[in-house]
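Shown next: target-v8.cif, given as mmCIF, C-alpha atoms and all ligand atoms.
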data_run
loop_
_atom_site.label_atom_id
_atom_site.label_comp_id
_atom_site.auth_asym_id
_atom_site.auth_seq_id
_atom_site.Cartn_x
_atom_site.Cartn_y
_atom_site.Cartn_z
CA MET A 1 20.97 14.11 -7.33
CA LYS A 2 17.63 13.98 -9.19
CA ALA A 3 14.42 14.05 -7.13
CA LEU A 4 10.73 14.33 -8.00
CA ARG A 5 9.56 17.13 -5.74
CA LEU A 6 6.18 18.57 -4.90
CA LYS A 7 6.69 22.32 -4.74
CA ASN A 8 3.14 23.72 -4.93
CA TRP A 9 -0.21 22.22 -3.93
CA GLY A 10 -2.33 21.21 -6.90
CA ARG A 11 0.60 21.45 -9.31
CA GLU A 12 2.51 18.66 -11.01
CA PRO A 13 5.67 17.48 -9.25
CA GLU A 14 8.96 18.62 -10.77
CA LEU A 15 12.10 16.61 -11.50
CA THR A 16 14.68 18.71 -9.68
CA GLU A 17 18.44 18.63 -9.00
CA VAL A 18 19.03 18.68 -5.23
CA ASP A 19 22.00 18.00 -2.96
CA ARG A 20 22.53 14.38 -1.99
CA PRO A 21 21.61 14.13 1.72
CA VAL A 22 24.33 13.44 4.31
CA PRO A 23 23.17 11.13 7.13
CA GLY A 24 23.21 12.70 10.60
CA ALA A 25 23.17 10.96 13.97
CA GLY A 26 21.28 7.68 13.77
CA GLU A 27 20.26 8.27 10.13
CA VAL A 28 20.83 5.95 7.17
CA LEU A 29 21.36 7.05 3.57
CA VAL A 30 19.81 4.58 1.09
CA ARG A 31 20.66 4.48 -2.62
CA VAL A 32 17.23 4.05 -4.18
CA GLU A 33 16.87 1.24 -6.72
CA ALA A 34 13.08 1.35 -7.13
CA ALA A 35 10.14 3.43 -5.94
CA GLY A 36 6.48 2.49 -6.48
CA LEU A 37 3.64 4.80 -7.44
CA CYS A 38 0.54 4.76 -5.23
CA HIS A 39 -2.95 6.25 -5.39
CA SER A 40 -2.01 8.10 -2.23
CA ASP A 41 0.56 10.00 -4.25
CA ILE A 42 -2.31 11.17 -6.41
CA HIS A 43 -4.28 12.19 -3.31
CA VAL A 44 -1.26 14.21 -2.17
CA LEU A 45 -0.88 15.87 -5.58
CA ASP A 46 -4.59 16.69 -5.71
CA ALA A 47 -4.83 17.92 -2.10
CA ALA A 48 -6.06 21.46 -1.66
CA PRO A 49 -3.73 23.75 0.32
CA GLY A 50 -4.18 23.16 4.04
CA THR A 51 -5.79 19.72 3.82
CA LEU A 52 -2.55 17.88 4.56
CA PRO A 53 -0.17 18.92 7.36
CA TYR A 54 2.86 18.54 5.11
CA ARG A 55 5.34 21.37 4.53
CA LEU A 56 6.43 22.01 0.94
CA PRO A 57 8.63 21.25 -0.86
CA PHE A 58 9.38 17.56 -0.39
CA THR A 59 10.33 14.60 -2.55
CA LEU A 60 7.55 12.09 -3.28
CA GLY A 61 7.75 8.31 -2.98
CA HIS A 62 6.75 6.16 -0.02
CA GLU A 63 7.29 2.71 -1.55
CA ILE A 64 11.08 2.36 -1.63
CA ALA A 65 13.74 -0.33 -2.10
CA GLY A 66 17.49 0.02 -2.54
CA HIS A 67 20.74 -0.53 -0.67
CA VAL A 68 22.45 1.16 2.27
CA ALA A 69 24.85 3.83 0.96
CA ALA A 70 26.08 5.32 4.26
CA LEU A 71 25.41 5.25 8.00
CA GLY A 72 25.25 8.37 10.15
CA PRO A 73 27.11 8.51 13.47
CA GLY A 74 25.71 5.90 15.86
CA ALA A 75 23.44 4.31 13.22
CA HIS A 76 24.59 0.80 14.01
CA GLY A 77 22.74 -2.43 14.72
CA GLY A 78 20.80 -2.24 11.45
CA PRO A 79 21.71 -3.19 7.85
CA ALA A 80 25.34 -2.57 6.89
CA PRO A 81 26.54 -0.46 3.96
CA GLY A 82 25.81 -2.31 0.72
CA GLU A 83 22.98 -4.40 2.19
CA ARG A 84 19.80 -4.36 0.13
CA VAL A 85 16.74 -3.11 1.98
CA VAL A 86 13.14 -2.02 1.72
CA VAL A 87 11.89 1.00 3.66
CA HIS A 88 9.05 0.64 6.18
CA GLY A 89 7.30 3.77 4.97
CA PRO A 90 4.98 4.89 7.82
CA TRP A 91 7.20 7.07 9.99
CA GLY A 92 5.61 8.07 13.29
CA CYS A 93 6.94 10.00 16.28
CA GLY A 94 9.36 7.16 17.06
CA THR A 95 8.82 7.24 20.84
CA CYS A 96 5.20 6.30 21.60
CA THR A 97 4.35 2.70 22.49
CA ARG A 98 3.03 2.04 18.97
CA CYS A 99 6.18 3.32 17.24
CA ALA A 100 8.41 1.54 19.72
CA ALA A 101 6.66 -1.70 18.69
CA GLY A 102 7.14 -1.06 14.97
CA GLN A 103 3.51 -0.01 14.58
CA ASP A 104 4.29 3.46 13.23
CA ASN A 105 1.21 3.10 11.02
CA TYR A 106 -0.83 3.64 14.19
CA CYS A 107 1.41 6.19 15.91
CA ASP A 108 -0.34 7.74 18.92
CA ARG A 109 0.95 11.16 17.93
CA ARG A 110 -0.06 10.95 14.25
CA GLY A 111 -2.40 13.89 14.61
CA SER A 112 0.36 16.21 15.79
CA LEU A 113 2.94 15.38 13.14
CA ASP A 114 3.42 17.33 9.94
CA TRP A 115 4.42 14.19 8.09
CA HIS A 116 3.20 10.61 7.71
CA GLY A 117 6.41 9.14 6.36
CA ALA A 118 8.80 8.95 3.44
CA GLY A 119 7.33 10.92 0.57
CA LEU A 120 4.49 12.03 2.80
CA GLY A 121 5.72 15.31 4.17
CA ARG A 122 9.31 14.03 4.49
CA ASP A 123 11.66 13.55 1.52
CA GLY A 124 10.85 10.21 -0.05
CA GLY A 125 12.21 7.75 -2.55
CA MET A 126 11.37 9.12 -6.00
CA ALA A 127 15.00 10.18 -6.07
CA GLU A 128 18.48 8.70 -6.35
CA TYR A 129 18.91 8.68 -2.57
CA VAL A 130 16.62 8.82 0.45
CA LEU A 131 17.53 9.68 4.02
CA VAL A 132 15.91 7.32 6.54
CA PRO A 133 15.64 8.69 10.11
CA THR A 134 16.52 5.41 11.83
CA ALA A 135 17.69 1.94 10.88
CA ARG A 136 14.54 0.42 12.40
CA HIS A 137 12.69 1.63 9.30
CA LEU A 138 14.78 -0.74 7.15
CA VAL A 139 14.05 -4.41 6.40
CA PRO A 140 16.64 -6.59 4.59
CA ILE A 141 15.47 -8.05 1.25
CA GLY A 142 18.40 -10.28 0.30
CA ASP A 143 18.39 -10.89 -3.47
CA LEU A 144 14.73 -9.94 -4.01
CA PRO A 145 14.59 -7.65 -7.06
CA ALA A 146 13.96 -4.01 -6.12
CA ASP A 147 10.95 -3.69 -8.43
CA GLN A 148 9.35 -6.50 -6.41
CA ALA A 149 10.44 -5.31 -2.97
CA ALA A 150 9.39 -1.67 -3.33
CA PRO A 151 5.66 -2.34 -3.99
CA LEU A 152 5.64 -4.88 -1.18
CA SER A 153 6.40 -2.09 1.30
CA ASP A 154 3.04 -0.46 0.68
CA ALA A 155 0.74 -2.34 -1.71
CA GLY A 156 1.89 -5.67 -0.32
CA LEU A 157 2.11 -4.59 3.30
CA THR A 158 -1.30 -2.87 3.25
CA SER A 159 -2.89 -5.98 1.75
CA TYR A 160 -1.12 -8.27 4.24
CA HIS A 161 -2.23 -6.09 7.18
CA ALA A 162 -5.82 -6.14 5.92
CA VAL A 163 -5.77 -9.94 5.62
CA SER A 164 -4.22 -10.25 9.09
CA GLY A 165 -7.14 -8.25 10.49
CA VAL A 166 -9.77 -10.63 9.11
CA ARG A 167 -7.81 -13.86 9.42
CA ASN A 168 -9.96 -15.08 12.35
CA ALA A 169 -12.88 -15.45 9.96
CA LEU A 170 -10.88 -17.39 7.36
CA GLY A 171 -10.64 -20.94 8.62
CA ALA A 172 -11.30 -24.09 6.62
CA GLY A 173 -14.40 -24.03 4.45
CA THR A 174 -14.65 -20.23 4.36
CA THR A 175 -14.82 -17.75 1.49
CA ALA A 176 -13.02 -14.43 1.12
CA VAL A 177 -13.85 -11.80 -1.49
CA VAL A 178 -11.39 -9.24 -2.84
CA ILE A 179 -13.14 -6.26 -4.42
CA GLY A 180 -10.83 -4.24 -6.67
CA VAL A 181 -7.96 -6.18 -8.25
CA GLY A 182 -5.34 -3.52 -8.85
CA GLY A 183 -1.96 -2.88 -7.33
CA LEU A 184 -3.13 -3.97 -3.87
CA GLY A 185 -5.96 -6.37 -4.72
CA HIS A 186 -3.86 -8.71 -6.84
CA LEU A 187 -1.44 -9.05 -3.94
CA ALA A 188 -4.28 -9.64 -1.50
CA VAL A 189 -5.47 -12.55 -3.64
CA GLN A 190 -1.99 -14.08 -3.49
CA ILE A 191 -1.61 -13.42 0.25
CA LEU A 192 -4.99 -15.01 0.98
CA ARG A 193 -4.06 -18.06 -1.09
CA ALA A 194 -0.66 -18.31 0.59
CA THR A 195 -1.75 -17.78 4.21
CA THR A 196 -5.37 -18.99 4.54
CA PRO A 197 -7.40 -22.08 3.52
CA SER A 198 -10.20 -19.87 2.20
CA ARG A 199 -11.70 -19.91 -1.24
CA VAL A 200 -10.79 -16.59 -2.81
CA LEU A 201 -13.26 -14.78 -5.07
CA ALA A 202 -12.35 -11.59 -6.90
CA VAL A 203 -14.60 -8.79 -8.13
CA ASP A 204 -13.73 -5.95 -10.49
CA ILE A 205 -15.36 -3.93 -13.22
CA ARG A 206 -12.40 -4.24 -15.61
CA PRO A 207 -11.91 -7.43 -17.67
CA GLU A 208 -8.13 -7.02 -17.50
CA ALA A 209 -8.34 -6.86 -13.68
CA LEU A 210 -10.37 -10.07 -13.61
CA ALA A 211 -7.68 -11.69 -15.75
CA LEU A 212 -5.06 -10.42 -13.27
CA ALA A 213 -7.12 -11.98 -10.46
CA ASP A 214 -7.09 -15.31 -12.27
CA ARG A 215 -3.31 -15.10 -12.76
CA SER A 216 -2.97 -14.25 -9.07
CA GLY A 217 -4.79 -17.40 -7.98
CA ALA A 218 -8.42 -16.41 -7.43
CA HIS A 219 -10.72 -19.44 -7.47
CA LEU A 220 -13.37 -17.37 -9.25
CA SER A 221 -13.38 -13.86 -10.71
CA ILE A 222 -16.72 -12.11 -11.11
CA PRO A 223 -17.50 -8.86 -12.95
CA MET A 224 -18.97 -6.01 -10.91
CA ASP A 225 -22.53 -5.62 -12.22
CA SER A 226 -26.14 -6.04 -11.16
CA ASP A 227 -25.72 -9.82 -10.79
CA THR A 228 -22.58 -9.79 -8.65
CA ALA A 229 -24.31 -10.18 -5.28
CA ALA A 230 -26.33 -13.15 -6.51
CA ALA A 231 -23.22 -14.73 -8.02
CA LEU A 232 -21.28 -14.34 -4.78
CA ARG A 233 -24.11 -15.74 -2.67
CA LYS A 234 -24.50 -18.63 -5.11
CA ALA A 235 -20.76 -19.34 -4.89
CA THR A 236 -21.16 -19.80 -1.12
CA GLY A 237 -24.22 -22.03 -1.34
CA GLY A 238 -26.36 -19.14 -0.14
CA VAL A 239 -24.75 -18.63 3.30
CA GLY A 240 -22.75 -15.55 2.31
CA VAL A 241 -19.06 -14.73 2.40
CA ASP A 242 -16.93 -14.81 5.54
CA ALA A 243 -14.77 -11.79 4.72
CA VAL A 244 -14.80 -8.95 2.20
CA LEU A 245 -11.66 -6.93 1.55
CA ASP A 246 -12.80 -3.84 -0.31
CA PHE A 247 -9.85 -2.19 -2.08
CA ALA A 248 -12.15 0.34 -3.73
CA GLY A 249 -14.09 1.56 -0.70
CA ALA A 250 -16.66 3.14 -3.00
CA GLN A 251 -20.42 3.32 -2.44
CA PRO A 252 -21.31 0.45 -4.82
CA THR A 253 -18.63 -1.84 -3.41
CA LEU A 254 -19.55 -1.18 0.22
CA GLU A 255 -23.19 -1.83 -0.58
CA LEU A 256 -22.21 -5.05 -2.36
CA ALA A 257 -20.29 -6.10 0.76
CA THR A 258 -23.34 -5.58 2.99
CA GLN A 259 -25.44 -7.67 0.59
CA VAL A 260 -23.13 -10.70 0.65
CA LEU A 261 -21.55 -10.80 4.11
CA ARG A 262 -22.37 -13.81 6.27
CA PRO A 263 -23.56 -13.16 9.87
CA GLY A 264 -20.39 -12.82 11.94
CA GLY A 265 -18.39 -11.93 8.84
CA GLU A 266 -15.59 -9.36 8.48
CA LEU A 267 -15.46 -6.28 6.26
CA ALA A 268 -12.08 -4.60 5.77
CA ILE A 269 -12.42 -1.25 4.02
CA VAL A 270 -8.99 -0.63 2.52
CA GLY A 271 -9.71 1.68 -0.44
CA SER A 272 -10.35 5.38 0.05
CA GLY A 273 -13.20 5.59 -2.43
CA GLY A 274 -15.33 7.73 -0.13
CA GLY A 275 -18.23 5.27 0.17
CA GLN A 276 -20.38 5.46 3.28
CA LEU A 277 -22.10 2.81 5.43
CA THR A 278 -24.74 3.42 8.07
CA VAL A 279 -23.85 1.36 11.12
CA ARG A 280 -26.78 0.99 13.52
CA LYS A 281 -28.87 -1.68 15.22
CA PRO A 282 -31.26 -2.71 13.90
CA GLY A 283 -29.88 -2.02 10.46
CA PHE A 284 -28.88 -3.51 7.13
CA LEU A 285 -25.65 -5.13 8.24
CA PRO A 286 -25.91 -8.84 9.13
CA PRO A 287 -25.59 -9.55 12.89
CA GLY A 288 -22.09 -9.97 14.22
CA VAL A 289 -20.36 -8.27 11.30
CA ARG A 290 -17.05 -6.64 12.22
CA LEU A 291 -15.70 -3.62 10.31
CA SER A 292 -12.06 -2.54 10.03
CA LEU A 293 -10.32 0.39 8.39
CA PRO A 294 -6.80 -1.00 8.11
CA PHE A 295 -4.00 1.42 7.32
CA TRP A 296 -0.65 0.38 5.86
CA GLY A 297 1.06 -2.19 8.14
CA THR A 298 3.64 -2.86 10.84
CA ARG A 299 7.37 -3.43 10.49
CA GLN A 300 7.02 -7.06 11.54
CA GLU A 301 4.32 -7.61 8.91
CA LEU A 302 6.69 -6.15 6.30
CA VAL A 303 9.29 -8.71 7.36
CA GLU A 304 6.63 -11.40 6.80
CA VAL A 305 5.58 -10.06 3.39
CA ILE A 306 9.20 -9.97 2.21
CA ALA A 307 9.62 -13.57 3.42
CA LEU A 308 6.54 -14.64 1.42
CA ALA A 309 7.94 -12.99 -1.70
CA ARG A 310 11.40 -14.52 -1.22
CA ALA A 311 9.67 -17.91 -0.86
CA GLY A 312 7.96 -17.33 -4.21
CA ALA A 313 4.45 -17.12 -2.71
CA VAL A 314 3.84 -13.49 -3.74
CA HIS A 315 4.75 -11.82 -7.02
CA VAL A 316 4.01 -8.23 -7.97
CA GLU A 317 2.89 -7.49 -11.52
CA THR A 318 4.78 -4.30 -12.26
CA GLU A 319 5.18 -1.73 -15.00
CA GLN A 320 8.72 -0.46 -14.74
CA LEU A 321 9.49 3.16 -15.72
CA PRO A 322 12.38 5.63 -15.45
CA LEU A 323 12.11 8.44 -12.89
CA ARG A 324 11.55 11.00 -15.64
CA SER A 325 8.32 9.19 -16.67
CA ALA A 326 6.74 9.58 -13.22
CA PRO A 327 4.40 12.52 -14.07
CA GLU A 328 2.99 10.68 -17.11
CA ALA A 329 2.60 7.47 -15.13
CA MET A 330 0.83 9.32 -12.32
CA ASP A 331 -1.65 10.67 -14.84
CA ARG A 332 -2.36 7.13 -16.08
CA LEU A 333 -2.65 5.92 -12.49
CA ARG A 334 -5.17 8.71 -11.80
CA ARG A 335 -7.21 7.48 -14.81
CA GLY A 336 -7.08 3.82 -13.72
CA LEU A 337 -4.86 2.81 -16.65
CA ILE A 338 -2.03 1.13 -14.73
CA ARG A 339 -2.16 -2.68 -14.57
CA GLY A 340 -0.61 -4.03 -11.39
CA ARG A 341 1.87 -1.56 -9.85
CA ALA A 342 3.91 1.15 -11.59
CA VAL A 343 7.47 1.19 -10.30
CA LEU A 344 10.14 3.79 -11.01
CA VAL A 345 13.48 2.07 -11.52
CA MET A 346 16.52 4.27 -10.85
CA SER A 347 19.39 3.95 -13.31
CA GLY A 348 23.00 3.49 -12.19
C1 LIG B 401 -0.31 6.77 2.91
C2 LIG B 401 -0.49 8.00 3.54
C3 LIG B 401 -1.76 8.51 3.74
C4 LIG B 401 -2.85 7.78 3.31
C5 LIG B 401 -2.68 6.56 2.72
C6 LIG B 401 -1.41 6.06 2.53
C7 LIG B 401 -1.26 4.72 1.90
O1 LIG B 401 -0.80 4.81 0.59
C8 LIG B 401 -0.35 3.85 2.68
O2 LIG B 401 -0.50 2.56 2.18
ZN ZN B 402 0.60 4.19 -0.65
ZN ZN B 403 4.54 7.38 17.62
#

Please rewrite the model in this file as structure tokens.
Ligand code: FEH
Ligand code: ZN
Ligand code: ZN
Amino acid sequence: MKALRLKNWGREPELTEVDRPVPGAGEVLVRVEAAGLCHSDIHVLDAAPGTLPYRLPFTLGHEIAGHVAALGPGAHGGPAPGERVVVHGPWGCGTCTRCAAGQDNYCDRRGSLDWHGAGLGRDGGMAEYVLVPTARHLVPIGDLPADQAAPLSDAGLTSYHAVSGVRNALGAGTTAVVIGVGGLGHLAVQILRATTPSRVLAVDIRPEALALADRSGAHLSIPMDSDTAAALRKATGGVGVDAVLDFAGAQPTLELATQVLRPGGELAIVGSGGGQLTVRKPGFLPPGVRLSLPFWGTRQELVEVIALARAGAVHVETEQLPLRSAPEAMDRLRRGLIRGRAVLVMSG
């Protein structure tokens, strides 16, 4: 089968012919229908040798949807052959209390593993087939199209998990701000609209991203410039915003968040833009502000995201591409030229 494999650190991945995996005890072989591209793939490609614990070579792709092709011995109780599924991508140790609860994204043994999941040190889904270690990593998707389901397993799930973490601050009469309206941010806007009563404001530097925010249901989209803080404060009648979800995580966006947060507000730093905040008392942060660094999401949250999409409450704007176009698409992703989410669609 064809697979996009990372063979050397700092080098482009290669489309390679490899043997189709055969599921062993407890394992499930999934025929991949779609696999999304993520900024984390770029971070993996650009990682210097030794910075990630992963062993080369491996197949990329941690945002995967398809159907069950075969079950290994004893792999029962999960989806049956032929059933369409999405893969819960964070694979932990499988035996700690977090993994046992479907919270592999916060595995207690993460630091000792030489993988973080499908396509992250283990063979992933930018291939015709992917081997999943256990059926508990699979969530049924019914008739949801694969190009929708795949991005929901990472972009959607990460956004949903971030919203879940700040939900306490988002009751009636509140305001939430999404900074960065890309593959994750446009889904966060929809998830906020679908699951909270908050007004949703969106901030981005790109006009096309602000248009995407409008299409996604933002009440107001505001360009990132020197007037953004004033515009956000004005939009809240001067009291400040109740929650900021920063999908950039860059210095300017973190500083914007500290300028507009309401006392007692929530800041979820989702993007890995490398921005820094000084947290001290007294300091610049409003009193009572809570910070979170959400990572990916739980299996149960993935079930909930899929249910939202199947109910029509969440729709992913995708750019669909064949597997062979992945290197070119990754280069455009690296340069910020992908609108929505790029999804590799497997033929056959
Ligand atoms: C995966 C692995 C490591 C860092 C970040 C990620 C995210 O793409 C998961 O949503
Ligand atoms: Zn990702
Ligand atoms: Zn674990």

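Closest approach to Arg341 in chain A among A:Val166, A:Ala329, A:Ala65, A:Ala100: A:Ala329, based on all atoms listed in the file.
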
Exercise for review: List all protein, DNA and RNA residues that have any atom at most 6 Å from ligand ZN 403 (chain B), counting all atoms listed in the file, and write the list as an MDAnalysis selection string.
Suggested key: chainID A and resid 92:96 98:99 104 107:109

Please produce an output containing C-alpha atoms for each residue in the selection, written as an mmCIF file, keeping the file's coordinate frame.
data_model
loop_
_atom_site.group_PDB
_atom_site.id
_atom_site.type_symbol
_atom_site.label_atom_id
_atom_site.label_comp_id
_atom_site.auth_asym_id
_atom_site.auth_seq_id
_atom_site.Cartn_x
_atom_site.Cartn_y
_atom_site.Cartn_z
ATOM 1 C CA GLY A 92 5.610 8.070 13.290
ATOM 2 C CA CYS A 93 6.940 10.000 16.280
ATOM 3 C CA GLY A 94 9.360 7.160 17.060
ATOM 4 C CA THR A 95 8.820 7.240 20.840
ATOM 5 C CA CYS A 96 5.200 6.300 21.600
ATOM 6 C CA ARG A 98 3.030 2.040 18.970
ATOM 7 C CA CYS A 99 6.180 3.320 17.240
ATOM 8 C CA ASP A 104 4.290 3.460 13.230
ATOM 9 C CA CYS A 107 1.410 6.190 15.910
ATOM 10 C CA ASP A 108 -0.340 7.740 18.920
ATOM 11 C CA ARG A 109 0.950 11.160 17.930
#

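Near ligand ZN 402 (chain B), the residues found within 10 Å are Gly36, Leu37, Cys38, His39, Ser40, Asp41, Ile42, His43, Gly61, His62, Glu63, Gly89, Pro90, Gly119, Leu120, Pro151, Ser153, Asp154, Ala155, Gly156, Leu157, Thr158, Leu184, Phe295 and Trp296 of chain A (criterion computed using all atoms listed in the file).
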
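Of the listed residues A:Leu170, A:Ala230, A:Ala162, A:Ala25, the one whose atoms come nearest to ligand LIG 401 (chain B) is A:Ala162, with distances taken using only C-alpha atoms and all ligand atoms.
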
Exercise for review: Show which residues sit within 7 Å of Val260 in chain A, as a count of residues only. Count all atoms listed in the file, and ignore same-chain residues fewer than 2 positions away.
Suggested key: 9

Review point. When distances are computed from all atoms listed in the file, which of A:Val32, A:Leu152, A:Ala309, A:Val86 shows the smallest separation from ligand LIG 401 (chain B)?
Key: A:Leu152

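With distances restricted to all atoms listed in the file, A:Ile179 is the closest residue to Arg206 in chain A from A:Leu220, A:Val343, A:Ile179, A:Met126.
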
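Atom to atom, CA of Ser347 in chain A and CA of Gly185 in chain A stand 28.7 Å apart.
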
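The residue set within 12 Å of Pro79 in chain A, counting only C-alpha atoms and dropping same-chain residues fewer than 3 places from it, reads Glu27, Val28, Leu29, Val30, Gly66, His67, Val68, Ala69, Ala70, Leu71, Ala75, His76, Gly82, Glu83, Arg84, Val85, Val86, Val87, Thr134, Ala135, Arg136, His137, Leu138, Val139, Pro140, Ile141 and Gly142 of chain A.
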
Point to revise | Interatomic distance, CA of Arg193 in chain A to CA of Asn168 in chain A (Å, one decimal) | key: 15.0 Å

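Residue nearest ligand LIG 401 (chain B), chosen from A:Leu261, A:Leu192, A:Val270, A:Val181 and counting all atoms listed in the file: A:Val270.
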
Exercise for review: Pick out the residues sitting within 9 Å of Val200 in chain A, and hand them over as a ChimeraX atom specification; count all atoms listed in the file, and ignore anything fewer than 5 positions along from it in its own chain.
Suggested key: /A:174-178,189,192-193,217-221

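Taking CA of Ser272 in chain A and CA of Glu301 in chain A as the two end points, the separation is 21.5 Å.
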
**Study point:** Polymer residues at most 7 Å from Gly10 in chain A, all atoms listed in the file, same-chain spacing of 6 or more positions, as a VMD selection string
**Key:** chain A and resid 45 to 48

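Comparing A:Gly77, A:Gly336, A:Pro53, A:Pro223 by their smallest distance to ligand LIG 401 (chain B), the closest is A:Pro53 (using only C-alpha atoms and all ligand atoms).
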
Check your understanding: Neighbours of Gln300 in chain A within 9 Å (only C-alpha atoms; same-chain residues fewer than 5 positions away dropped), as a PyMOL selection string?
Key -> chain A and resi 101-103+305

Check your understanding: Within 7 Å of (-9.0, -21.5, 3.8), only C-alpha atoms: residues as a PyMOL selection string?
Key -> chain A and resi 170-174+196-199

Would you place a box with edges along x, y and z of the file around all atoms of range 41-45 of chain A listed there, add 8 Å to each of its six sides, and report the centre and edge lengths in Å to one decimal, as lines of an AutoDock Vina configuration file?
center_x = -1.9
center_y = 12.9
center_z = -4.3
size_x = 20.8
size_y = 21.9
size_z = 20.2

N, CA, C and O atoms modelled onto range 238-251 of chain A, as a PDB file, in the coordinates of the input:
ATOM      1  N   GLY A 238     -25.298 -19.936  -0.737  1.00  0.00           N
ATOM      2  CA  GLY A 238     -26.360 -19.140  -0.140  1.00  0.00           C
ATOM      3  C   GLY A 238     -26.069 -18.611   1.250  1.00  0.00           C
ATOM      4  O   GLY A 238     -26.783 -17.738   1.754  1.00  0.00           O
ATOM      5  N   VAL A 239     -24.978 -19.072   1.911  1.00  0.00           N
ATOM      6  CA  VAL A 239     -24.750 -18.630   3.300  1.00  0.00           C
ATOM      7  C   VAL A 239     -24.102 -17.259   3.374  1.00  0.00           C
ATOM      8  O   VAL A 239     -24.144 -16.587   4.393  1.00  0.00           O
ATOM      9  N   GLY A 240     -23.444 -16.841   2.275  1.00  0.00           N
ATOM     10  CA  GLY A 240     -22.750 -15.550   2.310  1.00  0.00           C
ATOM     11  C   GLY A 240     -21.254 -15.733   2.519  1.00  0.00           C
ATOM     12  O   GLY A 240     -20.784 -16.831   2.857  1.00  0.00           O
ATOM     13  N   VAL A 241     -20.520 -14.649   2.357  1.00  0.00           N
ATOM     14  CA  VAL A 241     -19.060 -14.730   2.400  1.00  0.00           C
ATOM     15  C   VAL A 241     -18.552 -14.370   3.797  1.00  0.00           C
ATOM     16  O   VAL A 241     -19.142 -13.549   4.497  1.00  0.00           O
ATOM     17  N   ASP A 242     -17.450 -14.968   4.176  1.00  0.00           N
ATOM     18  CA  ASP A 242     -16.930 -14.810   5.540  1.00  0.00           C
ATOM     19  C   ASP A 242     -16.139 -13.517   5.713  1.00  0.00           C
ATOM     20  O   ASP A 242     -16.057 -12.980   6.818  1.00  0.00           O
ATOM     21  N   ALA A 243     -15.527 -13.049   4.622  1.00  0.00           N
ATOM     22  CA  ALA A 243     -14.770 -11.790   4.720  1.00  0.00           C
ATOM     23  C   ALA A 243     -14.783 -11.100   3.367  1.00  0.00           C
ATOM     24  O   ALA A 243     -14.686 -11.751   2.331  1.00  0.00           O
ATOM     25  N   VAL A 244     -14.933  -9.789   3.412  1.00  0.00           N
ATOM     26  CA  VAL A 244     -14.800  -8.950   2.200  1.00  0.00           C
ATOM     27  C   VAL A 244     -13.653  -7.974   2.453  1.00  0.00           C
ATOM     28  O   VAL A 244     -13.615  -7.293   3.487  1.00  0.00           O
ATOM     29  N   LEU A 245     -12.714  -7.946   1.518  1.00  0.00           N
ATOM     30  CA  LEU A 245     -11.660  -6.930   1.550  1.00  0.00           C
ATOM     31  C   LEU A 245     -11.931  -5.993   0.387  1.00  0.00           C
ATOM     32  O   LEU A 245     -11.788  -6.381  -0.771  1.00  0.00           O
ATOM     33  N   ASP A 246     -12.370  -4.796   0.714  1.00  0.00           N
ATOM     34  CA  ASP A 246     -12.800  -3.840  -0.310  1.00  0.00           C
ATOM     35  C   ASP A 246     -11.660  -2.849  -0.585  1.00  0.00           C
ATOM     36  O   ASP A 246     -11.401  -1.936   0.196  1.00  0.00           O
ATOM     37  N   PHE A 247     -10.988  -3.044  -1.706  1.00  0.00           N
ATOM     38  CA  PHE A 247      -9.850  -2.190  -2.080  1.00  0.00           C
ATOM     39  C   PHE A 247     -10.299  -0.975  -2.882  1.00  0.00           C
ATOM     40  O   PHE A 247      -9.470  -0.170  -3.303  1.00  0.00           O
ATOM     41  N   ALA A 248     -11.604  -0.861  -3.087  1.00  0.00           N
ATOM     42  CA  ALA A 248     -12.150   0.340  -3.730  1.00  0.00           C
ATOM     43  C   ALA A 248     -12.715   1.279  -2.657  1.00  0.00           C
ATOM     44  O   ALA A 248     -12.451   2.475  -2.653  1.00  0.00           O
ATOM     45  N   GLY A 249     -13.516   0.720  -1.764  1.00  0.00           N
ATOM     46  CA  GLY A 249     -14.090   1.560  -0.700  1.00  0.00           C
ATOM     47  C   GLY A 249     -15.083   2.577  -1.255  1.00  0.00           C
ATOM     48  O   GLY A 249     -15.295   3.641  -0.693  1.00  0.00           O
ATOM     49  N   ALA A 250     -15.693   2.222  -2.362  1.00  0.00           N
ATOM     50  CA  ALA A 250     -16.660   3.140  -3.000  1.00  0.00           C
ATOM     51  C   ALA A 250     -18.072   2.730  -2.615  1.00  0.00           C
ATOM     52  O   ALA A 250     -18.306   1.628  -2.107  1.00  0.00           O
ATOM     53  N   GLN A 251     -19.043   3.612  -2.863  1.00  0.00           N
ATOM     54  CA  GLN A 251     -20.420   3.320  -2.440  1.00  0.00           C
ATOM     55  C   GLN A 251     -20.927   1.989  -2.993  1.00  0.00           C
ATOM     56  O   GLN A 251     -21.411   1.146  -2.214  1.00  0.00           O
TER      57      GLN A 251
END
